[in-house]
Every structure is written in C-alpha cells, then in structure tokens.
file run-v9.cif (mmCIF, C-alpha atoms)
data_model
#
loop_
_atom_site.label_atom_id
_atom_site.label_comp_id
_atom_site.auth_asym_id
_atom_site.auth_seq_id
_atom_site.Cartn_x
_atom_site.Cartn_y
_atom_site.Cartn_z
CA MET A 181 244.24 -88.32 3.08
CA ARG A 182 244.64 -85.96 5.97
CA ARG A 183 248.45 -86.02 5.55
CA LEU A 184 248.17 -85.14 1.83
CA TRP A 185 245.86 -82.15 2.60
CA LEU A 186 248.32 -80.86 5.18
CA ILE A 187 251.25 -81.09 2.72
CA PHE A 188 249.19 -79.27 0.04
CA SER A 189 248.28 -76.44 2.44
CA GLN A 190 251.88 -75.94 3.54
CA ALA A 191 253.13 -75.90 -0.06
CA THR A 192 250.52 -73.32 -1.06
CA THR A 193 251.43 -71.07 1.87
CA VAL A 194 255.13 -71.21 1.02
CA ALA A 195 254.43 -70.47 -2.68
CA LEU A 196 252.32 -67.42 -1.82
CA ALA A 197 255.01 -66.16 0.56
CA VAL A 198 257.66 -66.50 -2.16
CA LEU A 199 255.48 -64.65 -4.68
CA PHE A 200 254.92 -61.82 -2.16
CA VAL A 201 258.66 -61.42 -1.48
CA VAL A 202 259.58 -61.54 -5.18
CA GLY A 203 256.77 -59.14 -6.13
CA THR A 204 257.96 -56.66 -3.49
CA LEU A 205 261.73 -56.84 -4.04
CA LYS A 206 262.01 -57.86 -7.71
CA PRO A 207 258.74 -56.91 -9.44
CA HIS A 208 260.35 -56.96 -12.88
CA TRP A 209 260.82 -60.75 -12.53
CA LEU A 210 257.04 -61.02 -12.63
CA GLY A 211 256.51 -58.39 -15.36
CA LEU A 212 255.18 -55.74 -12.91
CA ALA A 213 257.71 -53.02 -13.78
CA GLY A 214 256.08 -49.56 -14.03
CA GLN A 215 253.09 -50.63 -11.91
CA ARG A 216 254.59 -49.08 -8.78
CA SER A 217 256.67 -45.96 -8.40
CA SER A 218 257.83 -43.78 -5.53
CA ARG A 219 256.72 -40.21 -4.77
CA PRO A 220 259.88 -38.09 -4.96
CA GLY A 221 261.33 -37.53 -1.53
CA SER A 222 258.55 -39.32 0.33
CA GLY A 223 259.77 -42.94 0.35
CA ALA A 224 256.14 -44.04 0.16
CA PRO A 225 254.79 -46.12 -2.73
CA LEU A 226 252.31 -44.51 -5.07
CA LEU A 227 249.92 -46.74 -6.99
CA GLY A 228 250.34 -46.22 -10.73
CA PRO A 229 247.51 -45.70 -13.22
CA LEU A 230 245.23 -48.61 -14.03
CA ARG A 231 244.93 -49.93 -17.56
CA GLY A 232 242.24 -48.13 -19.55
CA ALA A 233 241.81 -45.38 -16.90
CA PRO A 234 243.16 -41.80 -17.06
CA GLY A 235 246.35 -41.32 -15.02
CA LEU A 236 246.72 -38.90 -12.11
CA LEU A 237 249.08 -36.02 -12.82
CA PRO A 238 251.70 -35.16 -10.16
CA ALA A 239 251.67 -31.74 -8.55
CA THR A 240 253.83 -29.08 -10.18
CA ALA A 241 257.10 -28.00 -8.63
CA GLY A 242 255.60 -24.77 -7.29
CA GLY A 243 253.17 -26.60 -5.05
CA GLY A 244 250.13 -25.72 -7.16
CA SER A 245 248.33 -27.32 -10.06
CA ALA A 246 246.71 -26.01 -13.18
CA GLY A 247 244.14 -23.32 -12.37
CA THR A 248 245.45 -22.58 -8.87
CA GLN A 249 247.71 -19.83 -7.59
CA PRO A 250 251.17 -20.98 -6.42
CA ARG A 251 251.79 -20.43 -2.75
CA GLU A 252 254.59 -17.95 -3.52
CA GLY A 253 252.10 -15.88 -5.50
CA PHE A 254 250.08 -15.06 -2.38
CA ALA A 255 253.24 -14.11 -0.49
CA ALA A 256 254.23 -11.83 -3.37
CA ALA A 257 250.76 -10.24 -3.36
CA ALA A 258 250.98 -9.62 0.38
CA ARG A 259 254.46 -8.09 0.05
CA ALA A 260 253.23 -5.81 -2.74
CA ALA A 261 250.14 -4.51 -0.92
CA ALA A 262 250.95 -4.66 2.80
CA PRO A 263 253.26 -1.60 2.95
CA ALA A 264 250.36 0.56 1.71
CA VAL A 265 247.93 -0.59 4.45
CA VAL A 266 247.94 1.57 7.58
CA SER A 267 246.40 1.51 11.04
CA VAL A 268 243.96 4.31 11.87
CA THR A 269 243.42 5.48 15.45
CA THR A 270 240.78 8.10 16.18
CA SER A 271 239.84 10.02 19.29
CA ILE A 272 236.13 10.71 19.62
CA ALA A 273 234.77 12.97 22.33
CA ARG A 274 231.98 11.45 24.37
CA SER A 275 228.75 13.41 24.55
CA ARG A 276 228.74 15.61 27.64
CA ASN A 277 226.18 14.67 30.28
CA PRO A 278 224.36 17.56 31.98
CA HIS A 279 225.42 16.07 35.35
CA ALA A 280 229.10 15.91 34.35
CA ASP A 281 230.04 18.68 36.81
CA ASP A 282 228.40 16.85 39.70
CA PRO A 283 231.20 15.16 41.76
CA ASN A 284 228.77 12.45 42.86
CA PHE A 285 228.12 11.59 39.21
CA ASN A 286 231.84 11.26 38.56
CA PHE A 287 232.30 9.16 41.71
CA PHE A 288 229.73 6.60 40.59
CA PHE A 289 230.16 6.69 36.84
CA GLY A 290 233.69 7.97 36.19
CA GLU A 291 234.87 10.77 33.94
CA ARG A 292 232.37 10.67 31.09
CA GLY A 293 233.88 13.63 29.29
CA GLN A 294 237.10 11.83 28.36
CA PRO A 295 237.57 11.05 24.68
CA GLN A 296 237.35 7.43 23.56
CA ALA A 297 239.60 5.76 21.02
CA GLY A 298 238.51 4.01 17.86
CA PHE A 299 240.56 1.74 15.65
CA GLY A 300 240.43 0.90 12.00
CA SER A 301 242.53 0.60 8.87
CA GLY A 302 243.26 2.56 5.73
CA VAL A 303 244.93 2.17 2.35
CA ILE A 304 247.47 4.51 0.74
CA VAL A 305 246.36 5.01 -2.86
CA SER A 306 248.80 7.71 -3.98
CA ALA A 307 252.45 8.34 -3.24
CA ASP A 308 251.74 11.94 -2.21
CA GLY A 309 249.64 10.96 0.80
CA LEU A 310 246.04 10.16 -0.18
CA LEU A 311 244.33 7.39 1.79
CA LEU A 312 241.02 5.56 1.47
CA THR A 313 239.13 4.29 4.50
CA ASN A 314 235.54 3.96 5.74
CA HIS A 315 233.36 6.90 6.71
CA HIS A 316 232.34 5.13 9.92
CA VAL A 317 236.01 4.79 10.94
CA VAL A 318 236.58 8.57 11.03
CA ASP A 319 233.04 9.84 11.64
CA ASN A 320 232.99 12.49 14.41
CA ALA A 321 236.70 12.01 15.05
CA ARG A 322 238.53 14.90 16.72
CA GLU A 323 241.96 13.55 15.80
CA ILE A 324 243.04 10.89 13.32
CA ASP A 325 246.43 9.27 13.77
CA ILE A 326 247.97 7.06 11.11
CA ARG A 327 250.57 4.39 11.78
CA LEU A 328 252.37 3.17 8.68
CA ALA A 329 253.57 -0.37 8.17
CA ASP A 330 257.18 0.82 8.62
CA GLY A 331 256.37 2.22 12.08
CA ARG A 332 256.07 5.92 11.24
CA GLU A 333 253.19 7.82 12.83
CA VAL A 334 251.52 10.94 11.48
CA ARG A 335 248.36 12.99 11.92
CA ALA A 336 245.82 12.87 9.07
CA GLU A 337 243.24 15.36 7.82
CA VAL A 338 239.90 14.53 6.22
CA VAL A 339 239.65 15.51 2.56
CA GLY A 340 236.02 14.42 2.33
CA THR A 341 233.59 11.67 3.24
CA ASP A 342 230.61 10.01 1.59
CA PRO A 343 228.27 8.41 4.14
CA GLU A 344 226.06 6.94 1.40
CA THR A 345 228.86 4.58 0.33
CA ASP A 346 230.67 4.60 3.71
CA LEU A 347 233.88 5.93 2.18
CA ALA A 348 236.31 8.62 3.30
CA VAL A 349 239.43 10.17 1.77
CA LEU A 350 242.27 11.25 4.08
CA ARG A 351 245.54 13.03 3.47
CA ILE A 352 248.82 12.73 5.39
CA PRO A 353 251.73 15.23 5.04
CA LEU A 354 254.24 12.73 3.65
CA ASP A 355 255.45 11.98 0.17
CA LYS A 356 257.13 9.09 -1.64
CA LEU A 357 254.80 6.71 0.14
CA PRO A 358 254.20 3.07 -0.82
CA ALA A 359 250.90 3.19 -2.73
CA VAL A 360 248.85 0.15 -3.66
CA ALA A 361 248.05 -0.47 -7.30
CA LEU A 362 244.36 -0.06 -8.08
CA GLY A 363 242.79 -3.06 -9.77
CA ARG A 364 239.39 -3.49 -11.39
CA SER A 365 236.66 -4.93 -9.21
CA GLY A 366 234.52 -5.32 -12.34
CA ALA A 367 236.88 -8.05 -13.51
CA LEU A 368 236.42 -10.15 -10.34
CA GLN A 369 234.69 -13.51 -10.53
CA VAL A 370 233.22 -15.69 -7.82
CA GLY A 371 235.95 -18.07 -6.72
CA ASP A 372 238.87 -15.68 -7.28
CA ALA A 373 241.45 -15.72 -4.48
CA VAL A 374 241.69 -12.52 -2.40
CA LEU A 375 243.65 -11.29 0.62
CA ALA A 376 242.25 -9.06 3.37
CA ILE A 377 244.86 -6.80 4.99
CA GLY A 378 244.15 -4.64 8.01
CA ASN A 379 244.46 -4.08 11.74
CA PRO A 380 241.91 -6.43 13.41
CA PHE A 381 241.28 -5.74 17.09
CA ASN A 382 244.26 -3.32 16.97
CA VAL A 383 246.72 -6.24 17.22
CA GLY A 384 248.77 -5.02 14.25
CA GLN A 385 248.80 -5.60 10.53
CA THR A 386 247.30 -8.98 9.64
CA VAL A 387 246.82 -10.77 6.32
CA THR A 388 244.06 -13.34 5.78
CA MET A 389 243.16 -15.25 2.65
CA GLY A 390 239.89 -16.38 1.11
CA ILE A 391 237.91 -16.26 -2.09
CA VAL A 392 235.26 -14.03 -3.62
CA SER A 393 232.06 -15.64 -2.32
CA ALA A 394 229.57 -13.39 -4.14
CA LEU A 395 229.36 -10.14 -6.08
CA GLY A 396 226.84 -7.30 -6.07
CA ARG A 397 225.47 -7.95 -2.58
CA ASN A 398 222.87 -5.35 -1.62
CA GLY A 399 219.89 -4.85 0.64
CA LEU A 400 222.03 -5.20 3.77
CA GLY A 401 221.17 -1.80 5.22
CA LEU A 402 224.84 -0.84 5.62
CA SER A 403 224.79 2.09 3.21
CA THR A 404 222.48 3.71 0.68
CA PHE A 405 224.35 2.48 -2.37
CA GLU A 406 225.33 -1.15 -1.97
CA SER A 407 227.06 -3.47 -4.40
CA PHE A 408 229.41 -5.30 -2.05
CA ILE A 409 232.03 -7.93 -2.73
CA GLN A 410 231.39 -10.81 -0.32
CA THR A 411 234.41 -12.81 0.83
CA ASP A 412 235.21 -15.54 3.33
CA ALA A 413 238.64 -14.05 4.09
CA ALA A 414 238.64 -13.38 7.84
CA ILE A 415 237.55 -9.77 8.48
CA ASN A 416 237.17 -8.61 12.08
CA PRO A 417 236.53 -5.33 13.93
CA GLY A 418 239.48 -3.08 13.11
CA ASN A 419 239.71 -4.35 9.53
CA SER A 420 237.25 -1.64 8.45
CA GLY A 421 238.86 0.58 5.85
CA GLY A 422 241.55 -1.97 5.06
CA ALA A 423 242.46 -3.52 1.74
CA LEU A 424 240.98 -6.42 -0.16
CA VAL A 425 243.54 -7.32 -2.83
CA ASP A 426 243.67 -9.89 -5.60
CA ALA A 427 246.35 -12.52 -6.20
CA GLN A 428 248.53 -9.89 -7.93
CA GLY A 429 248.41 -7.54 -4.93
CA GLN A 430 246.10 -5.02 -6.63
CA LEU A 431 243.38 -3.28 -4.61
CA VAL A 432 239.93 -4.57 -5.52
CA GLY A 433 237.92 -3.48 -2.48
CA ILE A 434 237.78 -1.58 0.81
CA ASN A 435 236.74 -3.87 3.67
CA THR A 436 233.75 -2.40 5.44
CA ALA A 437 231.57 -4.86 7.37
CA ILE A 438 231.02 -8.41 8.56
CA TYR A 439 228.03 -10.57 9.32
CA SER A 440 228.55 -11.90 12.83
CA ARG A 441 226.63 -13.25 15.79
CA SER A 442 229.67 -13.16 18.06
CA GLY A 443 231.47 -9.97 17.03
CA GLY A 444 234.18 -11.95 15.23
CA SER A 445 234.56 -13.37 11.76
CA MET A 446 232.08 -16.02 10.65
CA GLY A 447 233.33 -16.22 7.07
CA ILE A 448 230.96 -13.55 5.69
CA GLY A 449 232.66 -10.23 5.08
CA PHE A 450 231.84 -7.35 2.75
CA ALA A 451 234.03 -4.92 0.82
CA ILE A 452 233.21 -1.84 -1.24
CA PRO A 453 234.37 -2.39 -4.86
CA VAL A 454 237.40 -0.32 -5.82
CA ASP A 455 235.58 0.90 -8.94
CA VAL A 456 233.05 2.61 -6.63
CA ALA A 457 235.78 3.90 -4.32
CA ARG A 458 237.70 5.40 -7.24
CA ARG A 459 234.65 7.35 -8.47
CA VAL A 460 233.84 8.63 -4.98
CA MET A 461 237.45 9.70 -4.40
CA ASP A 462 237.60 11.54 -7.72
CA ASP A 463 234.38 13.43 -6.91
CA LEU A 464 235.54 14.36 -3.41
CA LEU A 465 238.90 15.61 -4.70
CA ARG A 466 237.31 17.58 -7.56
CA ASP A 467 234.09 18.92 -6.02
CA GLY A 468 234.40 18.31 -2.28
CA GLU A 469 231.23 16.23 -2.48
CA VAL A 470 229.73 13.35 -4.44
CA ARG A 471 227.13 14.57 -6.93
CA ARG A 472 224.41 12.00 -7.65
CA GLY A 473 221.30 12.05 -9.79
CA TRP A 474 217.74 11.84 -8.45
CA ILE A 475 214.35 11.67 -10.19
CA GLY A 476 211.84 11.32 -7.32
CA VAL A 477 210.21 7.89 -7.59
CA GLU A 478 209.33 5.14 -5.15
CA PRO A 479 210.30 1.80 -6.72
CA ARG A 480 209.85 -1.84 -5.82
CA ASP A 481 211.20 -5.08 -7.24
CA LEU A 482 209.06 -6.83 -9.82
CA THR A 483 208.36 -10.35 -8.51
CA PRO A 484 206.87 -13.21 -10.57
CA GLU A 485 203.85 -13.26 -8.25
CA PHE A 486 203.24 -9.56 -8.84
CA VAL A 487 203.54 -10.00 -12.62
CA GLU A 488 201.03 -12.86 -12.56
CA ASN A 489 198.52 -11.22 -10.24
CA PHE A 490 198.42 -7.92 -12.15
CA LYS A 491 198.86 -9.52 -15.57
CA LEU A 492 201.74 -7.27 -16.55
CA GLU A 493 203.09 -7.31 -20.09
CA VAL A 494 206.73 -7.65 -18.91
CA ASN A 495 208.44 -9.81 -16.32
CA LYS A 496 211.65 -7.80 -15.90
CA GLY A 497 212.14 -4.25 -14.72
CA VAL A 498 211.30 -2.10 -11.69
CA LEU A 499 207.74 -1.21 -10.72
CA ILE A 500 207.04 2.43 -9.82
CA THR A 501 204.63 2.52 -6.88
CA GLY A 502 204.83 6.24 -6.21
CA VAL A 503 205.95 9.46 -7.91
CA LEU A 504 206.86 12.62 -5.98
CA GLN A 505 204.54 15.43 -7.01
CA ASP A 506 206.35 18.15 -8.98
CA GLY A 507 209.51 16.04 -8.95
CA PRO A 508 211.59 15.29 -12.06
CA ALA A 509 209.82 11.99 -12.84
CA TYR A 510 206.38 13.57 -12.31
CA LYS A 511 207.24 16.38 -14.73
CA GLY A 512 208.61 13.85 -17.20
CA GLY A 513 205.33 11.92 -17.31
CA VAL A 514 206.18 8.88 -15.14
CA LYS A 515 203.11 7.44 -13.40
CA PRO A 516 202.53 4.91 -10.61
CA GLY A 517 202.16 1.46 -12.16
CA ASP A 518 204.81 2.07 -14.81
CA VAL A 519 207.56 -0.52 -15.12
CA VAL A 520 210.99 0.99 -15.79
CA LEU A 521 212.98 -1.25 -18.13
CA ALA A 522 216.07 0.90 -18.73
CA VAL A 523 217.59 4.22 -17.69
CA ALA A 524 219.81 6.07 -20.16
CA GLY A 525 220.16 2.86 -22.14
CA GLN A 526 221.16 0.77 -19.11
CA PRO A 527 218.77 -2.12 -18.34
CA VAL A 528 217.49 -2.24 -14.75
CA ALA A 529 216.06 -5.35 -13.15
CA SER A 530 216.04 -4.45 -9.45
CA VAL A 531 215.57 -1.48 -7.16
CA ALA A 532 219.30 -1.49 -6.36
CA GLN A 533 220.17 -1.32 -10.06
CA LEU A 534 217.69 1.52 -10.63
CA LEU A 535 219.04 3.47 -7.64
CA ASN A 536 222.68 3.04 -8.69
CA THR A 537 221.99 3.81 -12.35
CA VAL A 538 220.05 7.00 -11.58
CA ALA A 539 222.68 8.07 -9.03
CA ALA A 540 225.36 7.79 -11.72
CA LEU A 541 223.50 10.25 -13.97
CA PRO A 542 224.93 13.80 -14.07
CA PRO A 543 222.58 16.25 -12.32
CA GLY A 544 221.21 19.01 -14.51
CA LYS A 545 221.02 16.90 -17.67
CA PRO A 546 218.09 14.98 -19.18
CA ALA A 547 217.91 11.19 -19.26
CA THR A 548 215.63 8.81 -21.14
CA LEU A 549 213.59 6.17 -19.29
CA GLN A 550 212.30 3.15 -21.18
CA VAL A 551 208.92 2.43 -19.57
CA GLN A 552 206.22 -0.20 -20.02
CA ARG A 553 202.74 1.16 -19.29
CA GLY A 554 200.19 -1.58 -19.74
CA SER A 555 200.61 -2.74 -23.34
CA LYS A 556 202.49 0.41 -24.40
CA ALA A 557 206.25 0.85 -24.52
CA LEU A 558 207.18 4.48 -23.85
CA ALA A 559 210.37 6.55 -23.89
CA LEU A 560 210.10 9.35 -21.33
CA THR A 561 212.60 12.19 -20.86
CA VAL A 562 213.35 13.21 -17.28
CA ASP A 563 215.47 16.15 -16.14
CA VAL A 564 217.77 14.74 -13.47
CA VAL A 565 218.45 16.83 -10.35
CA GLN A 566 221.06 16.46 -7.62
CA ARG A 567 220.26 14.04 -4.84
CA LYS A 568 220.34 15.24 -1.27
CA PRO A 569 222.57 12.98 0.86
CA GLN A 570 220.75 10.61 3.16
CA LEU A 571 222.64 8.82 5.92
CA PRO A 572 221.41 5.24 6.33
CA ARG A 573 221.27 3.63 9.75
CA ARG A 574 224.18 1.23 9.93
CA GLN A 575 223.23 -2.24 11.12
CA PRO A 576 225.07 -3.86 14.05
CA GLN A 577 228.09 -5.92 13.06
#

call {"tool": "encode", "arguments": {"input": "run-v9.cif", "output": "structure tokens"}}
result
Amino acid sequence: MRRLWLIFSQATTVALAVLFVVGTLKPHWLGLAGQRSSRPGSGAPLLGPLRGAPGLLPATAGGGSAGTQPREGFAAAARAAAPAVVSVTTSIARSRNPHADDPNFNFFFGERGQPQAGFGSGVIVSADGLLLTNHHVVDNAREIDIRLADGREVRAEVVGTDPETDLAVLRIPLDKLPAVALGRSGALQVGDAVLAIGNPFNVGQTVTMGIVSALGRNGLGLSTFESFIQTDAAINPGNSGGALVDAQGQLVGINTAIYSRSGGSMGIGFAIPVDVARRVMDDLLRDGEVRRGWIGVEPRDLTPEFVENFKLEVNKGVLITGVLQDGPAYKGGVKPGDVVLAVAGQPVASVAQLLNTVAALPPGKPATLQVQRGSKALALTVDVVQRKPQLPRRQPQ
C-alpha cells in the first residue's frame, strides 16, 4: 500500500510539472491564448482582463490618459511662459540710527547705513515693457534692477502700486519683449494643473508644478482685498511677484505668499488672480491710482448660531453691526441690525464678498442695496464715495 501511494504522488508531481511547462511555453495547447499578453517594450507579463469584468485600458502613447495633461504639455507651457518671468533685485536703504556717526557704534554693530538687497520676481505682460509684481517686493526700494530670462539686465521704474491688493506695475525701457498671455482666473477649477515660475531664494529661474488647491481664499490678513488662488506648487521666498500659469502657459495669477512654519514651502501657496491684477493695472495706468467704492458700514458674517439666537428672517447675507454717522450708508437709510442681501444686484454672503463688491462700485454714483430689516425687505439707495487706501499689516510668511 505504501508503494502504491508513493507511485501516485510521484506521478501527480510529474503531471503538474508538465502542465506548468506547457502552460508557460505553449498556452494555446491548453486553450489559454489571449489570457496573457506582454506590455510593449517591458518584457514583463501583464494579466489580461477577467471574464465578466471590465478590462484595464493601456496608457496612451503620450504618457497620459484621458483627463490628464500629457507630460509634453507642461514643458510647452513652461517654454511659453518662462521667457516673460524676470528676477527683481531691489536696494532698500536701512533706517539711519542716531548713533550712526559714533565710531564705537560702527565698531560693534557695523555700517548700519548701507543699503540692503531684496529679491523677488516679476512678469512681463506687454511687449513694450510693462511688468506686474508684488507691492511688497518693491516697497521703499531706492533702485529696482530687472534680470530677464535671456540674461539682459535693466533698471525699472515704478508706474504705480496698490498696497490693498499687494500689486505693483513696473516699466522697463525695452521693447519687443516676450510677454506672457493673460488667461482668465475666473475659469479655474480646483484640481486644475498649474506651474509656478519665479526666482526662489535668488537661485535663478525655477519652475514647479502643482494643482489649484482652493479658490477665493480670504481672511488671511495679507491684504485688504483677498480672493487668493491656493496652490500646492512649491512657492518659496523670492517667488513673490512671479507667475502662476495654467497648462497652456497663460498667466492666471501672481504668486504672493506662502503659509510656512520653516520659511520654505509646505505645499500651501497663494496667488492673486490675474482678473484682479488686470483691473488694478488698468486703473494704475489710466488714473495713477486704484479708485474703489466705500459706503461706511461695519459688517460681520451671518452665522447659523446668530440667525437662530436673534430669530432673523434670513439665513444668508451680511449683518451690519455699525454705520458711520453721516457716511453714505447712514444717509441712505442703512441701520445697525440690517442684513445686506445684495449690492447693485450682486448677492453677498460674506464680509469679503461685501467688501469686494462695494469696492468695485464706481465712486460718485448711486448703488442699490437689498436689505432685510426684521420682516421687511427693503431696497435702499446709497451714494458711493471713494475709499481711502488702508495698508494692512502683512502677516509673517
């Protein structure tokens, strides 16, 4: 009996070995043709689709799949936009210490009157020499030197700045320059691929890639009017004023700030939308300043808790907690406790929206406010006046 069991075991082992060899070398003998195929150029087997299950589609020849941008597309976008991105070097005079003439002071502390250098980036937006950058890059600068991507260096002059959006317009005395195409930041969606181009840490022009992480970021304390594009493309000190471009190489934002605990990129960067930058640039070129509307109210966001506690008739809008006496809103009949639902036909659901909508109104013209006062819906007319610029305190980056 033991001998028969041993013979059976050996026969089974040999049969399985034969089946394995035949299945590997001649699968069609066993009817397995089409169940295994080879990945082109890899030499490695790829398991075919199972019966009754959807098959896996191979990658396209360009290295991408449906819904993704081919790798060459990012290179093309970088080539299109990079020549228009410049390095900005500024010299800023240090504040003079009253003891600066004391030789003992200089011995211990060095020459404090020497100018210090600042570094940033800029974007050429017109072939005749107009550049966009950040206000904080050129603020208080004595001299502004521009280094183009092709190595040319030139001195720039300030056309105008707008601290409330942290934007500045510069001009350089050159023509036939490589200008970036202006896109539409309003068409961006979360998840869109973007490239950040600038001069981080003054190492030279650098391109990083990421996606749009969020839109309309505000309440950061970086500027008065905030509606930032948030991206995870690496942005570092020196990238300020540089370009955020889409997958077609069109400018969609001006890089301005990062959230960081270490001073370097942590994957949270912010850019000013190009739609905002375009309006600011047009105003600075036309009027030498940015004219914004103002009505003189103190607003606050309308929270669900506030609506419930005060039994308000609406759950969307902006609550007015204070009205400046003899200001435009006061003269127009706005009262504390009113909830503003819309300004000039534009719905507002947050303080940031109210601020931006009012600022966009032309000074010197009336505007209609849709207001909820208790159970009454009112339409109040307010004569908009020009806002006085207010420089926000920029948070550490």

call {"tool": "resolve_selection", "arguments": {"input": "run-v9.cif", "expression": "the PyMOL selection byres ((chain A and resi 256-273) around 8)", "output": "PyMOL selection string"}}
result
chain A and resi 252-255+274-275+293-305+317-318+320-330+357-361+375+377-379+382+384-385+387+422-423+425-431

call {"tool": "atom_distance", "arguments": {"input": "run-v9.cif", "atom1": "CA of Asp518 in chain A", "atom2": "CA of Leu402 in chain A"}}
result
28.8 Å

call {"tool": "resolve_selection", "arguments": {"input": "run-v9.cif", "expression": "the PyMOL selection byres ((chain A and resi 568) around 10)", "output": "MDAnalysis selection string"}}
result
chainID A and resid 471:474 565:567 569:571

call {"tool": "residues_around", "arguments": {"input": "run-v9.cif", "residues": "range 523-533 of chain A", "least_positions_apart": "4", "cutoff": "8 Å", "atoms": "all atoms listed in the file", "output": "VMD selection string"}}
result
chain A and resid 398 to 399 405 to 406 479 to 482 496 to 498 537 to 538 547 to 550

call {"tool": "atom_distance", "arguments": {"input": "run-v9.cif", "atom1": "CA of Arg364 in chain A", "atom2": "CA of Val454 in chain A"}}
result
6.7 Å

call {"tool": "residues_around", "arguments": {"input": "run-v9.cif", "residues": "Val503 in chain A", "least_positions_apart": "3", "cutoff": "10 Å", "atoms": "all atoms listed in the file", "output": "PDB file with C-alpha atoms, in the frame of the given file"}}
result
ATOM      1  CA  ILE A 475     214.350  11.670 -10.190  1.00  0.00           C
ATOM      2  CA  GLY A 476     211.840  11.320  -7.320  1.00  0.00           C
ATOM      3  CA  VAL A 477     210.210   7.890  -7.590  1.00  0.00           C
ATOM      4  CA  GLU A 478     209.330   5.140  -5.150  1.00  0.00           C
ATOM      5  CA  PRO A 479     210.300   1.800  -6.720  1.00  0.00           C
ATOM      6  CA  ILE A 500     207.040   2.430  -9.820  1.00  0.00           C
ATOM      7  CA  ASP A 506     206.350  18.150  -8.980  1.00  0.00           C
ATOM      8  CA  GLY A 507     209.510  16.040  -8.950  1.00  0.00           C
ATOM      9  CA  PRO A 508     211.590  15.290 -12.060  1.00  0.00           C
ATOM     10  CA  ALA A 509     209.820  11.990 -12.840  1.00  0.00           C
ATOM     11  CA  TYR A 510     206.380  13.570 -12.310  1.00  0.00           C
ATOM     12  CA  LYS A 511     207.240  16.380 -14.730  1.00  0.00           C
ATOM     13  CA  GLY A 513     205.330  11.920 -17.310  1.00  0.00           C
ATOM     14  CA  VAL A 514     206.180   8.880 -15.140  1.00  0.00           C
ATOM     15  CA  LYS A 515     203.110   7.440 -13.400  1.00  0.00           C
ATOM     16  CA  PRO A 516     202.530   4.910 -10.610  1.00  0.00           C
ATOM     17  CA  GLY A 517     202.160   1.460 -12.160  1.00  0.00           C
TER      18      GLY A 517
END

call {"tool": "residues_around", "arguments": {"input": "run-v9.cif", "residues": "Leu350 in chain A", "least_positions_apart": "6", "cutoff": "7 Å", "atoms": "all atoms listed in the file", "output": "PDB file with C-alpha atoms, in the coordinates of the input"}}
result
ATOM      1  CA  LEU A 310     246.040  10.160  -0.180  1.00  0.00           C
ATOM      2  CA  LEU A 311     244.330   7.390   1.790  1.00  0.00           C
ATOM      3  CA  LEU A 312     241.020   5.560   1.470  1.00  0.00           C
ATOM      4  CA  ALA A 336     245.820  12.870   9.070  1.00  0.00           C
ATOM      5  CA  GLU A 337     243.240  15.360   7.820  1.00  0.00           C
ATOM      6  CA  VAL A 338     239.900  14.530   6.220  1.00  0.00           C
ATOM      7  CA  VAL A 339     239.650  15.510   2.560  1.00  0.00           C
TER       8      VAL A 339
END

call {"tool": "closest_residue", "arguments": {"input": "run-v9.cif", "among": "A:His316, A:Arg332, A:Lys545, A:Arg553", "to": "Thr345 in chain A", "atoms": "all atoms listed in the file"}}
result
A:His316

call {"tool": "atom_distance", "arguments": {"input": "run-v9.cif", "atom1": "CA of Leu400 in chain A", "atom2": "CA of Val470 in chain A"}}
result
21.7 Å

call {"tool": "closest_residue", "arguments": {"input": "run-v9.cif", "among": "A:Ala414, A:Ala197, A:Val460, A:Val551", "to": "Glu493 in chain A", "atoms": "all atoms listed in the file"}}
result
A:Val551

call {"tool": "residues_around", "arguments": {"input": "run-v9.cif", "residues": "range 369-374 of chain A", "least_positions_apart": "5", "cutoff": "9 Å", "atoms": "all atoms listed in the file", "output": "ChimeraX atom specification"}}
result
/A:249,254,388-395,411,413,424-427,429,432

call {"tool": "axis_aligned_box", "arguments": {"input": "run-v9.cif", "around": "range 425-429 of chain A", "padding_each_side": "5 Å", "output": "JSON"}}
result
{"center_x": 246.0, "center_y": -9.9, "center_z": -5.4, "size_x": 15.0, "size_y": 15.2, "size_z": 15.1}

call {"tool": "closest_residue", "arguments": {"input": "run-v9.cif", "among": "A:Ser403, A:Asn314, A:Asn416, A:Leu558", "to": "Ile434 in chain A", "atoms": "all atoms listed in the file"}}
result
A:Asn314

call {"tool": "closest_residue", "arguments": {"input": "run-v9.cif", "among": "A:Val562, A:Val383, A:Ala451, A:Val456", "to": "Gly366 in chain A", "atoms": "only C-alpha atoms"}}
result
A:Val456

call {"tool": "residues_around", "arguments": {"input": "run-v9.cif", "residues": "Asn495 in chain A", "least_positions_apart": "5", "cutoff": "9 Å", "atoms": "all atoms listed in the file", "output": "ChimeraX atom specification"}}
result
/A:482-484,487-488

call {"tool": "closest_residue", "arguments": {"input": "run-v9.cif", "among": "A:Gly401, A:Leu196, A:Ser407, A:Ile415", "to": "Thr386 in chain A", "atoms": "only C-alpha atoms"}}
result
A:Ile415
